[in-house]
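S.K.: Please see the structure below; I have some questions.
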Amino acid sequence: MGGTKAEYFRSRGFLPEVPALLERALLEVARDGKVVDHEATPWGDKYHVWGRVQAPDGNAVSLATVWMVRHEEPPILITAYPQQSPFP
């Protein structure tokens with residue numbers, strides 16, 4: 001993994017060798033986070049969801065995620081990144 005987001009997630013203990021840790025955290029945001037924006041698009045409904053989760057390094061982290069939901073299919077993660085501003 002490369003890039004700024006990958007570096008951030010690695011620095012919080014989400015390692016490529018254990019992808020299930022990041023998967024669980026992202027699913028927790030999707031399940032328990034706050035929907036801050038919704039947009040109907042030709043490809044499905046896009047949801048921006050913010051949430052706080054416990055990182056493997058022991059710290060709570062605020063994450064912003066974007067999910068696409070199409071018909072009866074499971075949601076698809078579009079992106080996730082650290083959320084710096086306070087939750088609305």
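Here's how to read the names in the structure tokens: chain A, B, ... by the order shown, residue numbers from 1 in each chain, ligand numbers from 1 in the order shown.
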Excluding Tyr8 in chain A and its own-chain neighbours fewer than 2 positions away, which residues fall within 12 Å of it when counting only C-alpha atoms? Please give them as JSON, numbers by chain.

M.R.: {"A": [1, 2, 3, 4, 5, 6, 10, 11, 12, 13, 14, 15, 22, 55, 57, 61, 62, 63, 80, 81, 82, 83]}

S.K.: What's the 6 Å shell around Val69 in chain A, counting only C-alpha atoms, without same-chain residues fewer than 4 positions away, as JSON, numbers by chain?

M.R.: {"A": [44, 45, 75]}

S.K.: Can you list, as a PDB file with C-alpha atoms, in the first residue's frame, every protein, DNA or RNA residue that comes within 9 Å of range 29-41 of chain A when you count only C-alpha atoms, leaving out same-chain residues fewer than 4 positions away?

M.R.:
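Final output, part.pdb:
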ATOM      1  CA  ARG A  24     -13.991  -4.394  10.759  1.00  0.00           C
ATOM      2  CA  ALA A  25     -13.339  -0.715  11.510  1.00  0.00           C
ATOM      3  CA  ASP A  45     -27.305   5.926  -3.721  1.00  0.00           C
ATOM      4  CA  LYS A  46     -24.086   7.444  -2.395  1.00  0.00           C
ATOM      5  CA  TYR A  47     -23.726   7.891   1.366  1.00  0.00           C
ATOM      6  CA  HIS A  48     -21.058   9.868   3.222  1.00  0.00           C
ATOM      7  CA  VAL A  49     -20.737   8.360   6.691  1.00  0.00           C
ATOM      8  CA  TRP A  50     -18.535   9.669   9.499  1.00  0.00           C
ATOM      9  CA  GLY A  51     -17.646   7.710  12.593  1.00  0.00           C
ATOM     10  CA  ARG A  52     -15.132   7.079  15.364  1.00  0.00           C
ATOM     11  CA  VAL A  53     -13.498   3.698  15.857  1.00  0.00           C
ATOM     12  CA  LEU A  63     -12.994   8.385   9.762  1.00  0.00           C
ATOM     13  CA  ALA A  64     -15.001   9.642   6.823  1.00  0.00           C
ATOM     14  CA  THR A  65     -16.270   6.982   4.437  1.00  0.00           C
ATOM     15  CA  VAL A  66     -18.209   6.995   1.189  1.00  0.00           C
ATOM     16  CA  TRP A  67     -20.439   4.053   0.287  1.00  0.00           C
ATOM     17  CA  PHE A  87     -18.670  15.850  13.269  1.00  0.00           C
ATOM     18  CA  PRO A  88     -21.673  17.923  12.272  1.00  0.00           C
TER      19      PRO A  88
END
